[in-house]
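Peer 1: Input: one structure, supplied below.
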Amino acid sequence: MEEIGLRKGDRVAVLSYNSTEYLAIYMASLKKGYILAPLSWRASAKELAFMVNDVEPKVIFYHKEFEDLLQKSLEQISDKPVIINIEELRGLHKEEPGKFLRREIISEEDISMLLYTGGTTGGLKAAMIPYRQVIWNALNTIVSWGLSPSDIAPVFFPFFHTGGWHVITIPLYIVRGTLVIVKRFDPDEAIDVIEKERCTIVIAVPTMFHMITKSSKFKEAKFESVRFFKSGGGTSPYDLVKIYWDKGAKYFQGYGLTEAGPNLLYTPEATMREKVMSVGKTGFFVELKIVKEDGSEAKPGEIGELYVRGPVVFSGYWKRPKETQETITPDGWVRTGDLFTRDEDGYFYFVERKKFMIKSGGENIYPSEIEEAIRAHPGVEEVAVFGVPDPKWIEAVAAVIKLKTGWSISPEEIKSFLRNKLPGYKIPKYVWIVNEIPKTAVGKIDYVGLKKKYSEVISRE
């Protein structure tokens, strides 16, 4: 990359599936002080052009399948970077390490990576991930999970997401464990990889774990090598957790965000079964507190926004001082935008994204509570609850539901099912039965897209 004229602090962008070449580009950037800028291959040409204009990379490595997408985005950019097919690097990263020497002094506050996220304040922006955050998060993960060279983990998260790098890839790389790089997630292939490669740790979002249970291979899978399954990117519903525990597999919840961690909490093995719906206790090198709307710190059982502080937090948003100031307090706390509660034992529980909380008629309504009630219906495969505009109540509760194969249920039947389970104001005013519930690039339910789409549907009625 030196022949391109790159210098410390220059951005190196990548538009590609996960691969060993992608990993090699990151490791080379670490030695030279370049800033990695992963680009989402799920983005539209317009979104991609925004990212490229924003980070101003000197070079973009791309996978051939995304060449058309890249070219369309570059048509909207005046100052075009060098572009290189990432597959042309195959074999080059096998050179002896001594031939590629570190030439720059890297400080812990230097930026290692720019990761695009909706962020805690909304809108597409790049979080600046300093080396400090990477290292301390990795140490936290290694210690709390007991990682060792004998551990083997598949990488199911895409490399344009913090989960792809910081949840397991970098921590396991540091302890010289084994990483199984997966091009993109497929539930059948995931089971094959876990079994064939004798994986010891498996990390994914709840949707991925749900898809794995629906694979025809799940029933026969033994998962004998797996020490634990860990869910991140949203709380897994209890019925999903129970499927894995009933199979004899340890399964626990996690929580983190691009701006902090992402491995902020941990659940000791002795309490995994007892605290299955908790995201764990405060991890090492992390400070956590729950802050109520009046600014006071919440007591056990009270709900408030989670704040995070410590060496595992990010440095702010790239070129966005206003959003940075809104997210990081003067004394270093990162406002997560997530509502939490904790119990008397110090275990934290995710309640809701603050921005997804529904305010109806002066009441605070948490979609996750309603989703759990709807999932209790035997015909429900998947559900998403969100708020839509309402002329009388400001917001009304809405739900989209995917049914299990062979079931036929009307929206009114769903409402009737909920009448003895929820107060009237929590029962969805609108229910839609759908074939699929849209997901984000990393497999989370796309609540922002759902809210926008169905708000428009209601406005036309």
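In the structure tokens, chains take the letters A, B, ... in the order shown, each chain's residues start at 1, and ligands count up from 1 in the order shown.
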Can you tell me, as a PyMOL selection string, what residues are no more than 10 Å from Ala43 in chain A when counting only C-alpha atoms, ignoring any on the same chain fewer than 6 positions away?

Peer 2: chain A and resi 49+51+69+441

Peer 1: Can you list every residue in range 197-229 of chain A that DSSP puts in strand (DSSP E), as a PyMOL selection string?

Peer 2: chain A and resi 201-204+228-229

Peer 1: Could you list, with a cut-off of 12 Å and counting only C-alpha atoms, the residues of range 167-213 of chain A near range 261-284 of chain A, each shown with its nearest atom pair and the distance in Å rounded to one decimal, rows sorted by chain and ascending number, as a tab-separated table?

Peer 2:
residue	atom	partner	partner_atom	distance
A:Val167	CA	A:Asn263	CA	6.3
A:Ile168	CA	A:Asn263	CA	9.2
A:Ile170	CA	A:Pro262	CA	11.9
A:Pro171	CA	A:Asn263	CA	10.4
A:Ile203	CA	A:Asn263	CA	11.6

Peer 1: Tell me, which residues of range 175-343 of chain A carry DSSP alpha helix (DSSP H), written as a PyMOL selection string?

Peer 2: chain A and resi 187-196+206-214+238-246+321-327

Peer 1: Write out as a ChimeraX atom specification each polymer residue whose atoms come within 9 Å of range 312-320 of chain A, counting only C-alpha atoms; drop sequence neighbours fewer than 3 positions from it.

Peer 2: /A:54-55,109,111,114,119,125-130,132-137,258-264,285-286,308-309,323-325,327-328,332-334

Peer 1: Print the selection's residues with N, CA, C and O atoms to a file, as a CSV table (one decimal), in the first residue's frame.

Peer 2:
chain,number,residue,atom,x,y,z
A,54,ASP,N,-17.5,11.0,2.7
A,54,ASP,CA,-17.3,11.4,4.1
A,54,ASP,C,-15.9,11.0,4.6
A,54,ASP,O,-15.2,11.8,5.2
A,55,VAL,N,-15.4,9.8,4.3
A,55,VAL,CA,-14.1,9.3,4.9
A,55,VAL,C,-13.0,9.7,4.0
A,55,VAL,O,-11.8,9.6,4.4
A,109,GLU,N,-4.5,6.7,21.4
A,109,GLU,CA,-5.6,7.6,21.0
A,109,GLU,C,-5.7,7.7,19.5
A,109,GLU,O,-6.7,8.3,19.0
A,111,ILE,N,-6.7,6.7,15.7
A,111,ILE,CA,-7.9,6.0,15.3
A,111,ILE,C,-7.5,4.8,14.4
A,111,ILE,O,-6.7,4.9,13.5
A,114,LEU,N,-12.9,3.4,11.2
A,114,LEU,CA,-14.1,4.2,11.2
A,114,LEU,C,-15.3,3.3,10.8
A,114,LEU,O,-15.3,2.7,9.7
A,119,GLY,N,-25.8,5.2,15.2
A,119,GLY,CA,-25.3,5.9,16.4
A,119,GLY,C,-26.4,6.1,17.4
A,119,GLY,O,-27.6,5.7,17.3
A,125,LYS,N,-23.4,7.9,10.4
A,125,LYS,CA,-22.2,8.6,10.8
A,125,LYS,C,-21.1,7.5,11.1
A,125,LYS,O,-21.5,6.4,11.4
A,126,ALA,N,-19.9,8.0,11.0
A,126,ALA,CA,-18.8,7.0,11.3
A,126,ALA,C,-18.2,7.3,12.7
A,126,ALA,O,-17.8,8.4,13.1
A,127,ALA,N,-18.2,6.2,13.5
A,127,ALA,CA,-17.7,6.2,14.8
A,127,ALA,C,-16.2,6.0,14.7
A,127,ALA,O,-15.7,5.1,14.1
A,128,MET,N,-15.4,6.9,15.4
A,128,MET,CA,-14.0,6.8,15.5
A,128,MET,C,-13.6,5.8,16.6
A,128,MET,O,-13.8,6.1,17.8
A,129,ILE,N,-13.0,4.7,16.2
A,129,ILE,CA,-12.6,3.6,17.1
A,129,ILE,C,-11.1,3.7,17.4
A,129,ILE,O,-10.2,3.4,16.5
A,130,PRO,N,-10.7,4.2,18.5
A,130,PRO,CA,-9.2,4.3,18.8
A,130,PRO,C,-8.6,3.0,19.2
A,130,PRO,O,-9.3,2.1,19.6
A,132,ARG,N,-7.0,2.4,21.8
A,132,ARG,CA,-7.3,2.2,23.2
A,132,ARG,C,-8.6,1.3,23.3
A,132,ARG,O,-8.6,0.4,24.1
A,133,GLN,N,-9.6,1.7,22.6
A,133,GLN,CA,-10.9,0.9,22.7
A,133,GLN,C,-10.7,-0.5,22.3
A,133,GLN,O,-11.2,-1.4,22.9
A,134,VAL,N,-10.0,-0.7,21.2
A,134,VAL,CA,-9.8,-2.0,20.6
A,134,VAL,C,-9.0,-2.9,21.6
A,134,VAL,O,-9.4,-4.1,21.9
A,135,ILE,N,-8.0,-2.4,22.2
A,135,ILE,CA,-7.1,-3.2,23.1
A,135,ILE,C,-7.8,-3.5,24.4
A,135,ILE,O,-7.9,-4.7,24.9
A,136,TRP,N,-8.4,-2.5,25.0
A,136,TRP,CA,-9.1,-2.7,26.3
A,136,TRP,C,-10.3,-3.6,26.2
A,136,TRP,O,-10.6,-4.4,27.1
A,137,ASN,N,-11.1,-3.5,25.1
A,137,ASN,CA,-12.2,-4.4,24.9
A,137,ASN,C,-11.7,-5.8,24.7
A,137,ASN,O,-12.3,-6.7,25.2
A,258,THR,N,-21.3,0.0,19.0
A,258,THR,CA,-20.1,0.5,18.3
A,258,THR,C,-19.4,1.5,19.1
A,258,THR,O,-18.1,1.5,19.2
A,259,GLU,N,-20.1,2.4,19.7
A,259,GLU,CA,-19.5,3.5,20.5
A,259,GLU,C,-18.9,3.1,21.8
A,259,GLU,O,-18.2,3.9,22.4
A,260,ALA,N,-19.2,1.9,22.3
A,260,ALA,CA,-18.6,1.5,23.6
A,260,ALA,C,-18.5,-0.1,23.6
A,260,ALA,O,-19.5,-0.8,23.3
A,261,GLY,N,-17.4,-0.6,23.9
A,261,GLY,CA,-17.2,-2.0,24.0
A,261,GLY,C,-16.7,-2.5,22.6
A,261,GLY,O,-15.6,-2.1,22.1
A,262,PRO,N,-17.4,-3.5,22.1
A,262,PRO,CA,-18.8,-3.8,22.3
A,262,PRO,C,-19.1,-4.9,23.4
A,262,PRO,O,-20.2,-5.1,23.7
A,263,ASN,N,-18.0,-5.5,24.0
A,263,ASN,CA,-18.3,-6.5,25.0
A,263,ASN,C,-18.2,-5.8,26.4
A,263,ASN,O,-17.1,-5.7,27.0
A,264,LEU,N,-19.3,-5.3,26.9
A,264,LEU,CA,-19.3,-4.5,28.1
A,264,LEU,C,-19.7,-5.2,29.3
A,264,LEU,O,-19.3,-4.8,30.4
A,285,PHE,N,-12.7,-3.1,33.2
A,285,PHE,CA,-12.3,-1.9,32.6
A,285,PHE,C,-13.5,-1.1,32.1
A,285,PHE,O,-13.4,-0.3,31.1
A,286,VAL,N,-14.7,-1.3,32.7
A,286,VAL,CA,-15.9,-0.6,32.3
A,286,VAL,C,-16.6,0.0,33.5
A,286,VAL,O,-16.6,-0.7,34.6
A,308,VAL,N,-22.1,4.7,29.8
A,308,VAL,CA,-20.8,3.8,29.8
A,308,VAL,C,-19.6,4.8,29.9
A,308,VAL,O,-19.6,5.8,29.2
A,309,ARG,N,-18.6,4.4,30.7
A,309,ARG,CA,-17.4,5.2,30.7
A,309,ARG,C,-16.2,4.2,30.9
A,309,ARG,O,-16.4,3.1,31.4
A,323,GLU,N,-22.8,16.0,17.1
A,323,GLU,CA,-23.3,14.7,17.5
A,323,GLU,C,-22.4,14.1,18.6
A,323,GLU,O,-22.9,13.4,19.5
A,324,THR,N,-21.1,14.3,18.5
A,324,THR,CA,-20.2,13.8,19.5
A,324,THR,C,-20.5,14.4,20.9
A,324,THR,O,-20.6,13.7,21.9
A,325,GLN,N,-20.8,15.7,20.9
A,325,GLN,CA,-21.1,16.4,22.1
A,325,GLN,C,-22.4,16.0,22.7
A,325,GLN,O,-22.5,15.9,24.0
A,327,THR,N,-23.5,13.0,22.5
A,327,THR,CA,-23.3,11.6,23.0
A,327,THR,C,-22.4,11.4,24.1
A,327,THR,O,-22.6,10.6,25.0
A,328,ILE,N,-21.3,12.1,24.1
A,328,ILE,CA,-20.3,12.0,25.2
A,328,ILE,C,-20.4,13.2,26.2
A,328,ILE,O,-20.3,14.4,25.7
A,332,GLY,N,-17.0,12.3,30.3
A,332,GLY,CA,-16.6,11.1,29.7
A,332,GLY,C,-17.6,10.0,29.6
A,332,GLY,O,-17.2,8.9,29.1
A,333,TRP,N,-18.8,10.2,30.0
A,333,TRP,CA,-19.8,9.1,29.9
A,333,TRP,C,-20.4,9.1,28.5
A,333,TRP,O,-20.8,10.2,28.0
A,334,VAL,N,-20.6,7.9,27.9
A,334,VAL,CA,-21.3,7.8,26.6
A,334,VAL,C,-22.7,7.5,26.9
A,334,VAL,O,-23.1,6.5,27.6

Peer 1: May I ask for the distance between CA of Thr336 in chain A and CA of Lys355 in chain A, given in Å to one decimal place?

Peer 2: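 According to the coordinates, CA of Thr336 in chain A and CA of Lys355 in chain A are separated by 10.8 Å.
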
Peer 1: From the options A:Trp393, A:Glu88, A:Leu48, A:Phe156, which residue's atoms come nearest to Lys72 in chain A, counting only C-alpha atoms?

Peer 2: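 The shortest atom-to-atom distance to Lys72 in chain A comes from A:Leu48.
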
Peer 1: Give me, as a PyMOL selection string, all polymer residues having an atom no more than 9 Å from Glu293 in chain A, counting only C-alpha atoms and skipping those fewer than 2 positions away in the same chain.

Peer 2: chain A and resi 291+295-296+304-305

Peer 1: So which one's closest to Ser16 in chain A, A:Ile86, A:Val155, A:Ala45, A:Ala28? Using only C-alpha atoms, please.

Peer 2: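 So, comparing all the options, the nearest one is A:Ile86.
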
Peer 1: Measuring between only C-alpha atoms, which one of A:Ser112, A:Ser19, A:Ser44, A:Thr162 shows the shortest distance to Val442 in chain A?

Peer 2: A:Thr162

Peer 1: Which residue, A:Thr213, A:Lys292, A:Phe356, A:Tyr116, has the smallest gap to Lys247 in chain A when you use only C-alpha atoms?

Peer 2: A:Thr213

Peer 1: For each of A:Cys199, A:Val182, A:Leu306, A:Ile394, take the minimum atom-to-atom distance to Glu352 in chain A, counting only C-alpha atoms, then give the residue where this is smallest.

Peer 2: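 When distances to Glu352 in chain A are compared using only C-alpha atoms, the smallest one comes from A:Leu306.
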